[in-house]
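Asks: target-v1.pdb (PDB, C-alpha atoms (C1' of nucleotides)) pasted underneath:
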MODEL        1
ATOM      1  CA  MET A 298      17.144   7.497 -14.060
ATOM      2  CA  ASN A 299      15.132   7.506 -10.846
ATOM      3  CA  ILE A 300      13.404   4.501  -9.362
ATOM      4  CA  GLY A 301       9.988   5.386 -10.741
ATOM      5  CA  GLN A 302      11.238   5.405 -14.314
ATOM      6  CA  ALA A 303      13.206   2.217 -13.717
ATOM      7  CA  ALA A 304      10.046   0.621 -12.353
ATOM      8  CA  LYS A 305       8.025   1.600 -15.404
ATOM      9  CA  HIS A 306      10.643   0.343 -17.817
ATOM     10  CA  SER A 307      11.171  -2.958 -16.032
ATOM     11  CA  GLY A 308       7.591  -3.730 -15.115
ATOM     12  CA  LEU A 309       8.496  -4.066 -11.460
ATOM     13  CA  SER A 310       7.162  -1.750  -8.768
ATOM     14  CA  ALA A 311       9.434   0.742  -7.044
ATOM     15  CA  LYS A 312       8.582  -1.021  -3.835
ATOM     16  CA  MET A 313       9.845  -4.326  -5.165
ATOM     17  CA  ILE A 314      13.057  -2.818  -6.497
ATOM     18  CA  ARG A 315      13.847  -1.410  -3.064
ATOM     19  CA  TYR A 316      12.947  -4.738  -1.505
ATOM     20  CA  TYR A 317      15.194  -6.673  -3.875
ATOM     21  CA  GLU A 318      17.999  -4.344  -2.971
ATOM     22  CA  SER A 319      17.324  -4.758   0.739
ATOM     23  CA  ILE A 320      17.533  -8.544   0.574
ATOM     24  CA  GLY A 321      20.719  -8.448  -1.457
ATOM     25  CA  LEU A 322      19.240  -9.644  -4.730
ATOM     26  CA  LEU A 323      20.385  -6.370  -6.279
ATOM     27  CA  LYS A 324      23.558  -4.501  -5.552
ATOM     28  CA  PRO A 325      22.828  -1.184  -3.831
ATOM     29  CA  ALA A 326      21.962   1.378  -6.482
ATOM     30  CA  SER A 327      24.121   4.454  -6.818
ATOM     31  CA  ARG A 328      22.630   7.603  -5.341
ATOM     32  CA  SER A 329      22.158  11.207  -6.377
ATOM     33  CA  ASP A 330      23.321  14.034  -4.128
ATOM     34  CA  SER A 331      19.915  14.131  -2.539
ATOM     35  CA  GLY A 332      19.862  10.376  -1.896
ATOM     36  CA  TYR A 333      17.663   9.278  -4.796
ATOM     37  CA  ARG A 334      18.503   5.902  -6.284
ATOM     38  CA  LEU A 335      19.918   6.117  -9.804
ATOM     39  CA  TYR A 336      19.657   3.393 -12.443
ATOM     40  CA  SER A 337      21.725   2.896 -15.576
ATOM     41  CA  ASN A 338      20.794   0.970 -18.692
ATOM     42  CA  ASP A 339      22.753  -1.979 -17.357
ATOM     43  CA  ASP A 340      20.678  -1.840 -14.201
ATOM     44  CA  LEU A 341      17.520  -1.802 -16.289
ATOM     45  CA  HIS A 342      18.750  -4.923 -18.016
ATOM     46  CA  THR A 343      19.174  -6.664 -14.687
ATOM     47  CA  LEU A 344      15.748  -5.541 -13.507
ATOM     48  CA  ALA A 345      14.210  -6.898 -16.708
ATOM     49  CA  PHE A 346      16.029 -10.183 -16.142
ATOM     50  CA  ILE A 347      14.524 -10.417 -12.677
ATOM     51  CA  LYS A 348      11.060  -9.519 -13.938
ATOM     52  CA  ARG A 349      11.239 -12.159 -16.619
ATOM     53  CA  SER A 350      12.440 -14.797 -14.160
ATOM     54  CA  ARG A 351       9.680 -13.970 -11.707
ATOM     55  CA  ASP A 352       7.121 -14.122 -14.509
ATOM     56  CA  LEU A 353       8.394 -17.601 -15.252
ATOM     57  CA  GLY A 354       7.599 -18.507 -11.679
ATOM     58  CA  PHE A 355      11.068 -18.686 -10.190
ATOM     59  CA  SER A 356      11.266 -17.812  -6.510
ATOM     60  CA  LEU A 357      13.459 -14.921  -5.469
ATOM     61  CA  GLU A 358      15.989 -17.416  -4.195
ATOM     62  CA  GLU A 359      16.062 -19.105  -7.581
ATOM     63  CA  VAL A 360      16.265 -15.740  -9.303
ATOM     64  CA  GLY A 361      19.337 -15.050  -7.198
ATOM     65  CA  LYS A 362      20.986 -18.212  -8.473
ATOM     66  CA  LEU A 363      20.009 -17.394 -12.041
ATOM     67  CA  LEU A 364      21.471 -13.913 -11.677
ATOM     68  CA  THR A 365      24.721 -15.383 -10.419
ATOM     69  CA  LEU A 366      24.836 -17.808 -13.319
ATOM     70  CA  TRP A 367      23.972 -15.018 -15.700
ATOM     71  CA  GLN A 368      26.771 -12.837 -14.457
ATOM     72  CA  ASP A 369      29.279 -15.683 -14.363
ATOM     73  CA  ARG A 370      30.918 -15.919 -17.742
ATOM     74  CA  GLN A 371      32.273 -19.339 -16.910
ATOM     75  CA  ARG A 372      28.873 -20.688 -15.962
ATOM     76  CA  ALA A 373      28.015 -24.157 -17.105
ATOM     77  CA  SER A 374      24.746 -24.222 -18.973
ATOM     78  CA  SER A 375      24.043 -27.547 -17.295
ATOM     79  CA  ASP A 376      23.648 -25.665 -14.023
ATOM     80  CA  VAL A 377      21.001 -23.452 -15.502
ATOM     81  CA  LYS A 378      19.328 -26.410 -17.106
ATOM     82  CA  ALA A 379      19.245 -28.245 -13.786
ATOM     83  CA  LEU A 380      17.656 -25.266 -12.095
ATOM     84  CA  ALA A 381      15.053 -24.989 -14.824
ATOM     85  CA  ARG A 382      14.314 -28.714 -14.705
ATOM     86  CA  GLN A 383      13.876 -28.562 -10.976
ATOM     87  CA  HIS A 384      11.420 -25.748 -11.447
ATOM     88  CA  ILE A 385       9.563 -27.688 -14.123
ATOM     89  CA  ASP A 386       9.240 -30.627 -11.733
ATOM     90  CA  ALA A 387       7.800 -28.376  -9.053
ATOM     91  CA  LEU A 388       5.359 -26.906 -11.558
ATOM     92  CA  ASN A 389       4.297 -30.352 -12.697
ATOM     93  CA  GLN A 390       3.645 -31.460  -9.161
ATOM     94  CA  LYS A 391       1.571 -28.384  -8.478
ATOM     95  CA  ILE A 392      -0.373 -28.889 -11.692
ATOM     96  CA  THR A 393      -1.087 -32.494 -10.786
ATOM     97  CA  GLU A 394      -2.339 -31.515  -7.358
ATOM     98  CA  LEU A 395      -4.562 -28.741  -8.622
ATOM     99  CA  THR A 396      -5.960 -30.922 -11.392
ATOM    100  CA  SER A 397      -6.834 -33.633  -8.922
ATOM    101  CA  LEU A 398      -8.599 -31.128  -6.694
ATOM    102  CA  ARG A 399     -10.482 -29.698  -9.633
ATOM    103  CA  ASP A 400     -11.607 -33.142 -10.811
ATOM    104  CA  THR A 401     -12.862 -34.015  -7.355
ATOM    105  CA  LEU A 402     -14.785 -30.775  -7.107
ATOM    106  CA  GLN A 403     -16.087 -31.238 -10.617
ATOM    107  CA  ASP A 404     -17.456 -34.657  -9.689
ATOM    108  CA  LEU A 405     -19.153 -33.172  -6.675
ATOM    109  CA  VAL A 406     -20.631 -30.297  -8.638
ATOM    110  CA  GLU A 407     -22.003 -32.629 -11.260
ATOM    111  CA  ASN A 408     -23.832 -34.558  -8.576
ATOM    112  CA  CYS A 409     -25.296 -31.440  -7.026
ATOM    113  CA  GLN A 410     -28.704 -30.500  -8.292
ATOM    114  CA  GLY A 411     -28.130 -26.829  -7.665
ATOM    115  CA  ASP A 412     -31.759 -26.034  -7.030
ATOM    116  CA  HIS A 413     -33.223 -24.606  -3.884
ATOM    117  CA  ARG A 414     -33.597 -27.812  -1.984
ATOM    118  CA  PRO A 415     -31.105 -28.105   0.816
ATOM    119  CA  ASP A 416     -29.871 -31.580  -0.042
ATOM    120  CA  CYS A 417     -26.365 -31.023  -1.355
ATOM    121  CA  PRO A 418     -23.828 -33.742  -2.116
ATOM    122  CA  ILE A 419     -20.988 -31.264  -1.932
ATOM    123  CA  LEU A 420     -21.687 -30.526   1.703
ATOM    124  CA  LYS A 421     -22.359 -34.217   2.250
ATOM    125  CA  ASP A 422     -18.916 -34.987   0.944
ATOM    126  CA  LEU A 423     -17.240 -32.307   2.988
ATOM    127  CA  GLU A 424     -19.125 -33.589   5.989
ATOM    128  CA  SER A 425     -18.113 -37.219   5.741
ATOM    129  CA  ALA A 426     -14.769 -37.748   7.321
ATOM    130  CA  CYS A 427     -15.188 -41.437   6.662
ATOM    131  CA  CYS A 428     -14.913 -41.202   2.874
ATOM    132  CA  LEU A 429     -11.544 -39.609   2.372
ATOM    133  CA  ASN A 430     -10.709 -41.857  -0.556
ATOM    134  CA  ARG A 431     -12.187 -39.475  -3.088
ATOM    135  CA  ALA A 432      -9.612 -36.767  -3.079
ATOM    136  CA  LYS A 433      -6.341 -37.786  -1.542
ATOM    137  CA  ALA A 434      -4.496 -35.203  -3.540
ATOM    138  CA  LEU A 435      -3.454 -33.091  -0.617
TER     139      LEU A 435
ATOM    140  CA  MET B  10     -11.461 -34.197  24.770
ATOM    141  CA  ASN B  11      -8.443 -31.877  24.840
ATOM    142  CA  ILE B  12      -7.057 -30.041  21.859
ATOM    143  CA  GLY B  13      -4.273 -32.553  21.235
ATOM    144  CA  GLN B  14      -6.714 -35.396  20.824
ATOM    145  CA  ALA B  15      -9.006 -33.249  18.709
ATOM    146  CA  ALA B  16      -6.038 -32.389  16.514
ATOM    147  CA  LYS B  17      -5.113 -36.023  16.024
ATOM    148  CA  HIS B  18      -8.654 -37.039  15.192
ATOM    149  CA  SER B  19      -9.259 -34.193  12.776
ATOM    150  CA  GLY B  20      -5.876 -34.138  11.090
ATOM    151  CA  LEU B  21      -5.435 -30.458  11.920
ATOM    152  CA  SER B  22      -2.681 -29.192  14.191
ATOM    153  CA  ALA B  23      -3.516 -27.885  17.650
ATOM    154  CA  LYS B  24      -2.026 -24.621  16.543
ATOM    155  CA  MET B  25      -4.376 -24.382  13.594
ATOM    156  CA  ILE B  26      -7.405 -25.175  15.704
ATOM    157  CA  ARG B  27      -6.531 -22.301  18.034
ATOM    158  CA  TYR B  28      -5.908 -20.090  15.034
ATOM    159  CA  TYR B  29      -9.260 -20.925  13.464
ATOM    160  CA  GLU B  30     -10.900 -20.075  16.751
ATOM    161  CA  SER B  31      -8.996 -16.791  16.991
ATOM    162  CA  ILE B  32     -10.143 -15.639  13.562
ATOM    163  CA  GLY B  33     -13.734 -16.569  14.277
ATOM    164  CA  LEU B  34     -13.931 -19.533  11.947
ATOM    165  CA  LEU B  35     -14.748 -21.690  14.949
ATOM    166  CA  LYS B  36     -16.877 -20.750  17.918
ATOM    167  CA  PRO B  37     -14.779 -20.504  21.080
ATOM    168  CA  ALA B  38     -14.389 -23.978  22.523
ATOM    169  CA  SER B  39     -15.725 -24.663  25.994
ATOM    170  CA  ARG B  40     -13.096 -24.816  28.695
ATOM    171  CA  SER B  41     -12.243 -27.092  31.585
ATOM    172  CA  ASP B  42     -11.783 -25.673  35.093
ATOM    173  CA  SER B  43      -8.104 -25.278  34.371
ATOM    174  CA  GLY B  44      -8.722 -23.466  31.106
ATOM    175  CA  TYR B  45      -8.076 -26.316  28.684
ATOM    176  CA  ARG B  46     -10.173 -26.291  25.531
ATOM    177  CA  LEU B  47     -12.689 -29.117  25.396
ATOM    178  CA  TYR B  48     -14.068 -30.670  22.226
ATOM    179  CA  SER B  49     -17.199 -32.736  21.744
ATOM    180  CA  ASN B  50     -17.967 -35.171  18.960
ATOM    181  CA  ASP B  51     -19.926 -32.436  17.240
ATOM    182  CA  ASP B  52     -16.851 -30.231  17.382
ATOM    183  CA  LEU B  53     -14.772 -33.023  15.884
ATOM    184  CA  HIS B  54     -17.262 -33.209  13.076
ATOM    185  CA  THR B  55     -16.830 -29.525  12.395
ATOM    186  CA  LEU B  56     -13.043 -29.795  12.528
ATOM    187  CA  ALA B  57     -13.137 -32.656  10.042
ATOM    188  CA  PHE B  58     -15.363 -30.557   7.789
ATOM    189  CA  ILE B  59     -12.810 -27.772   7.864
ATOM    190  CA  LYS B  60      -9.929 -30.151   7.231
ATOM    191  CA  ARG B  61     -11.690 -31.658   4.264
ATOM    192  CA  SER B  62     -12.543 -28.251   2.835
ATOM    193  CA  ARG B  63      -8.958 -27.057   3.194
ATOM    194  CA  ASP B  64      -7.739 -30.255   1.541
ATOM    195  CA  LEU B  65      -9.990 -29.417  -1.372
ATOM    196  CA  GLY B  66      -8.185 -26.127  -1.665
ATOM    197  CA  PHE B  67     -10.816 -23.749  -0.321
ATOM    198  CA  SER B  68      -9.438 -20.658   1.368
ATOM    199  CA  LEU B  69     -10.308 -20.037   4.992
ATOM    200  CA  GLU B  70     -12.753 -17.387   3.869
ATOM    201  CA  GLU B  71     -14.455 -19.887   1.593
ATOM    202  CA  VAL B  72     -14.422 -22.479   4.341
ATOM    203  CA  GLY B  73     -16.266 -19.966   6.493
ATOM    204  CA  LYS B  74     -18.975 -19.628   3.880
ATOM    205  CA  LEU B  75     -19.206 -23.388   3.499
ATOM    206  CA  LEU B  76     -19.519 -23.788   7.256
ATOM    207  CA  THR B  77     -22.351 -21.293   7.313
ATOM    208  CA  LEU B  78     -24.103 -23.079   4.498
ATOM    209  CA  TRP B  79     -23.509 -26.404   6.191
ATOM    210  CA  GLN B  80     -25.021 -25.209   9.422
ATOM    211  CA  ASP B  81     -27.951 -23.527   7.714
ATOM    212  CA  ARG B  82     -30.685 -26.056   7.319
ATOM    213  CA  GLN B  83     -32.475 -23.827   4.874
ATOM    214  CA  ARG B  84     -29.448 -23.478   2.664
ATOM    215  CA  ALA B  85     -29.944 -23.684  -1.041
ATOM    216  CA  SER B  86     -27.681 -26.235  -2.630
ATOM    217  CA  SER B  87     -27.299 -23.825  -5.520
ATOM    218  CA  ASP B  88     -25.316 -21.550  -3.216
ATOM    219  CA  VAL B  89     -22.877 -24.322  -2.441
ATOM    220  CA  LYS B  90     -22.703 -25.292  -6.060
ATOM    221  CA  ALA B  91     -21.922 -21.711  -7.028
ATOM    222  CA  LEU B  92     -19.132 -21.540  -4.490
ATOM    223  CA  ALA B  93     -17.684 -24.804  -5.734
ATOM    224  CA  ARG B  94     -17.931 -23.686  -9.357
ATOM    225  CA  GLN B  95     -16.180 -20.472  -8.525
ATOM    226  CA  HIS B  96     -13.419 -22.446  -6.903
ATOM    227  CA  ILE B  97     -13.177 -24.742  -9.906
ATOM    228  CA  ASP B  98     -12.784 -21.716 -12.145
ATOM    229  CA  ALA B  99      -9.988 -20.381  -9.980
ATOM    230  CA  LEU B 100      -8.292 -23.769 -10.053
ATOM    231  CA  ASN B 101      -8.597 -23.948 -13.810
ATOM    232  CA  GLN B 102      -7.072 -20.543 -14.222
ATOM    233  CA  LYS B 103      -4.171 -21.452 -11.983
ATOM    234  CA  ILE B 104      -3.673 -24.724 -13.840
ATOM    235  CA  THR B 105      -3.642 -22.887 -17.163
ATOM    236  CA  GLU B 106      -1.076 -20.416 -15.918
ATOM    237  CA  LEU B 107       1.212 -23.027 -14.455
ATOM    238  CA  THR B 108       0.948 -25.194 -17.549
ATOM    239  CA  SER B 109       1.881 -22.287 -19.749
ATOM    240  CA  LEU B 110       4.895 -21.523 -17.585
ATOM    241  CA  ARG B 111       5.937 -25.151 -17.619
ATOM    242  CA  ASP B 112       5.651 -25.372 -21.399
ATOM    243  CA  THR B 113       7.732 -22.254 -21.845
ATOM    244  CA  LEU B 114      10.398 -23.581 -19.535
ATOM    245  CA  GLN B 115      10.246 -26.969 -21.206
ATOM    246  CA  ASP B 116      10.905 -25.343 -24.572
ATOM    247  CA  LEU B 117      13.850 -23.515 -23.143
ATOM    248  CA  VAL B 118      15.273 -26.601 -21.487
ATOM    249  CA  GLU B 119      14.989 -28.576 -24.689
ATOM    250  CA  ASN B 120      17.039 -25.969 -26.474
ATOM    251  CA  CYS B 121      19.711 -25.950 -23.820
ATOM    252  CA  GLN B 122      22.607 -28.268 -24.480
ATOM    253  CA  GLY B 123      23.253 -28.784 -20.800
ATOM    254  CA  ASP B 124      26.943 -29.372 -21.226
ATOM    255  CA  HIS B 125      29.719 -27.339 -19.729
ATOM    256  CA  ARG B 126      29.854 -24.690 -22.358
ATOM    257  CA  PRO B 127      28.521 -21.375 -21.117
ATOM    258  CA  ASP B 128      26.203 -20.698 -24.024
ATOM    259  CA  CYS B 129      22.748 -21.165 -22.561
ATOM    260  CA  PRO B 130      19.465 -20.321 -24.309
ATOM    261  CA  ILE B 131      17.641 -20.238 -21.009
ATOM    262  CA  LEU B 132      19.722 -17.354 -19.775
ATOM    263  CA  LYS B 133      19.533 -15.822 -23.227
ATOM    264  CA  ASP B 134      15.778 -15.869 -22.992
ATOM    265  CA  LEU B 135      15.690 -14.452 -19.488
ATOM    266  CA  GLU B 136      18.076 -11.789 -20.665
ATOM    267  CA  SER B 137      16.098 -10.569 -23.617
ATOM    268  CA  ALA B 138      13.493  -8.104 -22.517
ATOM    269  CA  CYS B 139      12.643  -7.609 -26.162
ATOM    270  CA  CYS B 140      11.124 -11.067 -26.700
ATOM    271  CA  LEU B 141       8.366 -11.191 -24.168
ATOM    272  CA  ASN B 142       5.974 -12.886 -26.572
ATOM    273  CA  ARG B 143       7.061 -16.363 -25.552
ATOM    274  CA  ALA B 144       5.439 -16.619 -22.172
ATOM    275  CA  LYS B 145       2.792 -14.069 -21.544
ATOM    276  CA  ALA B 146       1.093 -16.290 -19.058
ATOM    277  CA  LEU B 147       1.708 -14.059 -16.095
TER     278      LEU B 147
ATOM    279  C1'  DC C1348       6.326  30.590  -2.741
ATOM    280  C1'  DT C1349       3.384  27.065  -3.415
ATOM    281  C1'  DT C1350       1.819  22.955  -5.381
ATOM    282  C1'  DG C1351       2.129  18.375  -6.565
ATOM    283  C1'  DA C1352       4.815  14.660  -8.091
ATOM    284  C1'  DC C1353       8.375  12.155  -6.794
ATOM    285  C1'  DC C1354      11.657  10.197  -3.518
ATOM    286  C1'  DT C1355      13.321   8.383   1.237
ATOM    287  C1'  DT C1356      12.868   5.143   5.372
ATOM    288  C1'  DC C1357       9.998   2.750   8.462
ATOM    289  C1'  DC C1358       6.225   0.039  10.112
ATOM    290  C1'  DC C1359       2.112  -2.953   9.452
ATOM    291  C1'  DA C1360      -0.818  -6.285   6.855
ATOM    292  C1'  DT C1361      -1.793 -10.307   4.113
ATOM    293  C1'  DG C1362      -2.379 -16.392   4.295
ATOM    294  C1'  DG C1363      -1.560 -20.350   6.356
ATOM    295  C1'  DG C1364       0.947 -21.877   8.808
ATOM    296  C1'  DG C1365       5.873 -23.408  11.739
ATOM    297  C1'  DT C1366       8.694 -23.005  15.794
ATOM    298  C1'  DC C1367      10.022 -21.744  20.212
ATOM    299  C1'  DA C1368       9.617 -19.887  25.017
ATOM    300  C1'  DA C1369       7.775 -19.421  29.645
ATOM    301  C1'  DG C1370       4.711 -21.076  32.522
ATOM    302  C1'  DG C1371       0.361 -23.887  34.270
ATOM    303  C1'  DT C1372      -1.852 -28.756  34.754
ATOM    304  C1'  DC C1373      -2.361 -33.506  34.628
ATOM    305  C1'  DG C1374      -1.586 -38.493  35.668
ATOM    306  C1'  DA C1375       1.616 -41.846  37.002
ATOM    307  C1'  DT C1376       5.604 -43.395  39.341
ATOM    308  C1'  DT C1377       8.878 -43.247  43.009
TER     309       DT C1377
ATOM    310  C1'  DA D 170       4.467 -35.893  48.980
ATOM    311  C1'  DA D 171       7.596 -34.983  45.386
ATOM    312  C1'  DT D 172       8.896 -35.392  40.840
ATOM    313  C1'  DC D 173       8.760 -36.348  35.972
ATOM    314  C1'  DG D 174       7.134 -36.172  31.363
ATOM    315  C1'  DA D 175       3.406 -35.148  28.566
ATOM    316  C1'  DC D 176       0.187 -32.024  27.729
ATOM    317  C1'  DC D 177      -1.927 -27.397  27.764
ATOM    318  C1'  DT D 178      -1.972 -22.041  27.721
ATOM    319  C1'  DT D 179      -0.667 -17.503  25.552
ATOM    320  C1'  DG D 180       2.486 -14.905  23.062
ATOM    321  C1'  DA D 181       6.033 -13.693  19.977
ATOM    322  C1'  DC D 182       8.567 -14.065  15.927
ATOM    323  C1'  DC D 183       9.743 -16.555  11.302
ATOM    324  C1'  DC D 184       8.703 -17.686   6.251
ATOM    325  C1'  DC D 185       7.381 -15.660   1.077
ATOM    326  C1'  DA D 186       6.593 -11.652  -1.880
ATOM    327  C1'  DT D 187       4.200  -7.826  -1.885
ATOM    328  C1'  DG D 188       0.921  -3.835  -0.965
ATOM    329  C1'  DG D 189      -0.354   0.143   1.773
ATOM    330  C1'  DG D 190       0.509   4.078   4.133
ATOM    331  C1'  DA D 191       2.741   7.539   7.311
ATOM    332  C1'  DA D 192       6.064  11.203   7.879
ATOM    333  C1'  DG D 193       9.229  13.818   5.842
ATOM    334  C1'  DG D 194      12.846  15.403   2.060
ATOM    335  C1'  DT D 195      13.518  17.025  -3.027
ATOM    336  C1'  DC D 196      12.534  18.806  -7.396
ATOM    337  C1'  DA D 197      10.539  21.370 -11.284
ATOM    338  C1'  DA D 198       6.845  24.105 -12.969
ATOM    339  C1'  DG D 199       3.586  27.795 -12.387
TER     340       DG D 199
ENDMDL
END
Would it be possible to restate this file's structure as structure tokens?
Replies:
Amino acid sequence: MNIGQAAKHSGLSAKMIRYYESIGLLKPASRSDSGYRLYSNDDLHTLAFIKRSRDLGFSLEEVGKLLTLWQDRQRASSDVKALARQHIDALNQKITELTSLRDTLQDLVENCQGDHRPDCPILKDLESACCLNRAKAL
Amino acid sequence: MNIGQAAKHSGLSAKMIRYYESIGLLKPASRSDSGYRLYSNDDLHTLAFIKRSRDLGFSLEEVGKLLTLWQDRQRASSDVKALARQHIDALNQKITELTSLRDTLQDLVENCQGDHRPDCPILKDLESACCLNRAKAL
DNA sequence: CTTGACCTTCCCATGGGGTCAAGGTCGATT
DNA sequence: AATCGACCTTGACCCCATGGGAAGGTCAAG
């Protein structure tokens, strides 16, 4: 199976598959006589694993670790759990930050009349460097 | 005032100030005889505006629009409000996505024993391309 | 034989910065 | 006057993860 088919089946782009190979996330694919990359069903399985991990928000570095754990029959599930927990923590932090930003903006929007008069509390807030106690999130 | 001082007062880095100038977000600063950038109190005000907008999560492109609106005395506050609303929507979408990912991972972690036996539902889930109905978030 | 779909490698771009290098300028001390 | 350290200048390259596109090779169908 050529890279285009592998891409379709895995949900990754051909570009990404080549990139993953180039950074060592994937072992170099076998090649046809003419130099085309060839993918087996096992390879497809690995590609799907990567796709799924990426969809769950793991970085490529984390995906690499997960792949190693996946391929290691002696892996301790606690390792995987730790990696997942770490990722959950990062997600939670991001969620907290974004929520705080949203709430601040929401406050500002609610105090903005939104008509055609130029008096706008949103700009007023952005303008006032003195009142940074509203949104310390970042 | 030189760029270092301006950076300290605004909370931006000198590097970022130069970058903002290079992409046209800021008007070119005036220069001393020796070529150093010079910043007035008005400039500081603008830098603080940018810092605050970035802290609220606006992209540089959005910051540019906000700056224009800020400097336009005839601006309609509805324009600003629309921009803020749009940003709130984007934040909400991101929050929803991240929350969904976190919940999926949380489920997986809760079903993982985390001991030293290699049987791990997290890897099982990542492995199974057939069961993509768990986390469709991305 | 030609067409068009596919493949290859290579380079460039994104955003929002960080880091480092080579050199110019400044104020203060020796 | 010389020197030192702190500051400034531009420029280049790094990160992540990916998209876009150029220039050229390969393949199967018409």
Asks: Give the residues of chain A that lie within 12 Å of chain C; count only C-alpha atoms (C1' of nucleotides), and format the answer as a VMD selection string.
Replies: chain A and resid 299 to 302 311 to 312 315 319 328 to 329 331 to 335
Asks: From the options A:Gln410, A:Asn338, A:Thr343, A:Gln390, which residue's atoms come nearest to Val89 in chain B, counting all atoms listed in the file?
Replies: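 The closest residue to Val89 in chain B is A:Gln410.
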Asks: Could you write out as a PyMOL selection string the residues that the PyMOL selection byres ((chain A and resi 376) around 12) matches in the shown file?
Replies: (chain A and resi 359+362-363+365-367+369+371-375+377-383) or (chain B and resi 118+121-129+131-132)
Asks: Counting only C-alpha atoms (C1' of nucleotides), a student should be able to say which residues of chain D come within 9 Å of chain A; what is the right answer, written as a JSON list (two decimals) with C-alpha atoms (C1' of nucleotides), in the coordinates of the input?
Replies:
[["chain", "number", "residue", "atom", "x", "y", "z"],
["D", 185, "DC", "C1'", 7.38, -15.66, 1.08],
["D", 186, "DA", "C1'", 6.59, -11.65, -1.88],
["D", 187, "DT", "C1'", 4.20, -7.83, -1.88],
["D", 188, "DG", "C1'", 0.92, -3.84, -0.96],
["D", 194, "DG", "C1'", 12.85, 15.40, 2.06],
["D", 195, "DT", "C1'", 13.52, 17.02, -3.03]]
Asks: CA of Met10 in chain B and CA of Lys36 in chain B are how many Å apart?
Replies: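 Straight-line distance from CA of Met10 in chain B to CA of Lys36 in chain B works out to 16.0 Å.
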Asks: Pick the closest to chain B from A:Ser327, A:Gly361, A:Lys348, A:Arg399: which is it, counting all atoms listed in the file?
Replies: A:Arg399
Asks: Report, in Å to a single decimal, how far apart CA of Leu323 in chain A and CA of Asn120 in chain B are.
Replies: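 Computing the Euclidean distance for CA of Asn120 in chain B and CA of Leu323 in chain A yields 28.3 Å.
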Asks: Which value, in Å to one decimal, gives the distance between CA of Ala99 in chain B and CA of Phe58 in chain B?
Replies: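 We find that CA of Ala99 in chain B and CA of Phe58 in chain B lie 21.2 Å from each other.
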Asks: For chain B, which residue among A:Ser337, A:Leu398, A:Gly321, A:Ala304 is the nearest when counting all atoms listed in the file?
Replies: A:Leu398
Asks: A:Ala303, A:Asp404, A:Leu344, A:Leu353: which is nearest chain B, counting all atoms listed in the file?
Replies: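 Smallest distance to chain B is found for A:Leu353.
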Asks: For range 93-96 of chain B, take all atoms listed in the file, fit an axis-aligned box around them, add 6 Å to each of the six sides, then output centre and edge lengths in Å rounded to one decimal, as JSON.
Replies:
{"center_x": -15.7, "center_y": -22.6, "center_z": -7.5, "size_x": 16.5, "size_y": 16.3, "size_z": 15.6}
Asks: Determine the nearest neighbour of chain B from the options A:Arg349, A:Lys421, A:Glu407, A:Val360, counting only C-alpha atoms.
Replies: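 Distance minimum relative to chain B lands on A:Arg349.
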Asks: Between A:Phe355, A:Asp339, A:Arg370, A:Gly308, single out the one closest to chain B, counting all atoms listed in the file.
Replies: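 Using all atoms listed in the file, the shortest distance to chain B belongs to A:Arg370.
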